[in-house]
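A short worksheet on the structure shown next.
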Amino acid sequence: MKRKNILRVATATAVLAALGTAVYAQDKYALKSPSGIAFSDFRGYEDWPVVSSARTDEVLKVIVANPAMIKAYKAGVPGNGQPFPEDSKIVKLQWKPKKSTDAPFVVDVPDVFTQAFVIEKDSKRFPKTGGWGYAVFNFDAATGRFVADPATADCGHACHVAVKSKDYIFHPYQTR
């Protein structure tokens with residue numbers, strides 16, 4: 001009888017532990033920004049082709065785009081005067097840099113991942129910002145979880161006005 005009770009307790013403990021882990025695991029794609037942009041709109045961004053890279057004093061960036069935007073870039077957008085098509089999406093993946101301790105030369109490499117700055121083209125939803133919506137999803141390395149930034153997205157559209165003639169996109173598709 002005692003053995004059955006111990007087995008039941010052990011089984012119940014294992015089931016509860018598994019459920020607790022499943023409940024705690026974050027579904028980043030359930031997040032939504034204050035501007036209404038859902039992280040799920042960017043599902044699969046981890047495997048999108050690289051458009052470009054950039055560096056500021058604070059972060060290293062790798063810029064990736066969805067297939068619709070890559071196709072437009074390869075067709076000459078925005079240099080050909082055409083806008084990016086609806087449903088174009090671009091993500092700036094950002095890391096804090098660190099000096100490589102492995103390379104025999106001075107080079108900065110990604111260290112701590114900090115955020116995904118997302119941009120999507122939807123002229124009906126974002127008519128006041130050239131058709132583009134902006135959001136930031138911050139990453140907390142300590143917990144391994146994303147959170148939608150409560151503020152307006154980084155510099156957002158106000159910053160991108162400087163490249164209005166390029167359909168509000170800073171980063172050109174880099175030659176390979």
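Every chain in the structure tokens takes a letter, A first, then B, and so on in the order presented; its residues are numbered from 1, and the ligands are numbered from 1 following the presented order.
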
**Message:** What's around Val147 in chain A at 7 Å? Count only C-alpha atoms, leave out sequence neighbours fewer than 2 positions away in its own chain, and write the answer as number ranges by chain.
**Reply:** A: 137-139, 145, 149

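Considering the residues A:Ala135, A:Ala103, A:Ala151, A:Val77 and counting only C-alpha atoms, Tyr168 in chain A has its shortest atom-to-atom contact with A:Val77.
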
**Item:** Shell of 12 Å around range 125-134 of chain A, only C-alpha atoms, local chain residues under 6 positions omitted, as a PyMOL selection string
**Value:** chain A and resi 32-39+41+83-92+116-119+148-149+151-161+163-169

**Request:** Would you return as an MDAnalysis selection string the members of chain A that DSSP assigns to strand (DSSP E or B) on this structure's backbone?
**Result:** chainID A and resid 32 38 50:55 60:65 89:99 108:121 132:140 145:148

**Request:** Find, counting only C-alpha atoms, the residue in A:Leu31, A:Met69, A:Lys99, A:His171 that gets nearest to Pro150 in chain A.
**Result:** A:Leu31

**Asked** Which residue out of A:Lys124, A:Pro104, A:Ala162, A:Leu93 has the minimum interatomic distance to Ala54 in chain A when only C-alpha atoms are used?
**Response**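 Of A:Lys124, A:Pro104, A:Ala162, A:Leu93, the one nearest Ala54 in chain A is A:Leu93, counting only C-alpha atoms.
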
**Message:** Just to confirm, what's the straight-line distance from CA of Tyr45 in chain A to CA of Glu58 in chain A in Å (one decimal)?
**Reply:**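 Result for CA of Tyr45 in chain A versus CA of Glu58 in chain A: 22.7 Å, one decimal.
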
**Message:** Taking the DSSP secondary structure from the backbone, can you list the residues of chain A that are alpha helix (DSSP H), as a VMD selection string?
**Reply:** chain A and resid 2 to 24 67 to 74 156 to 160
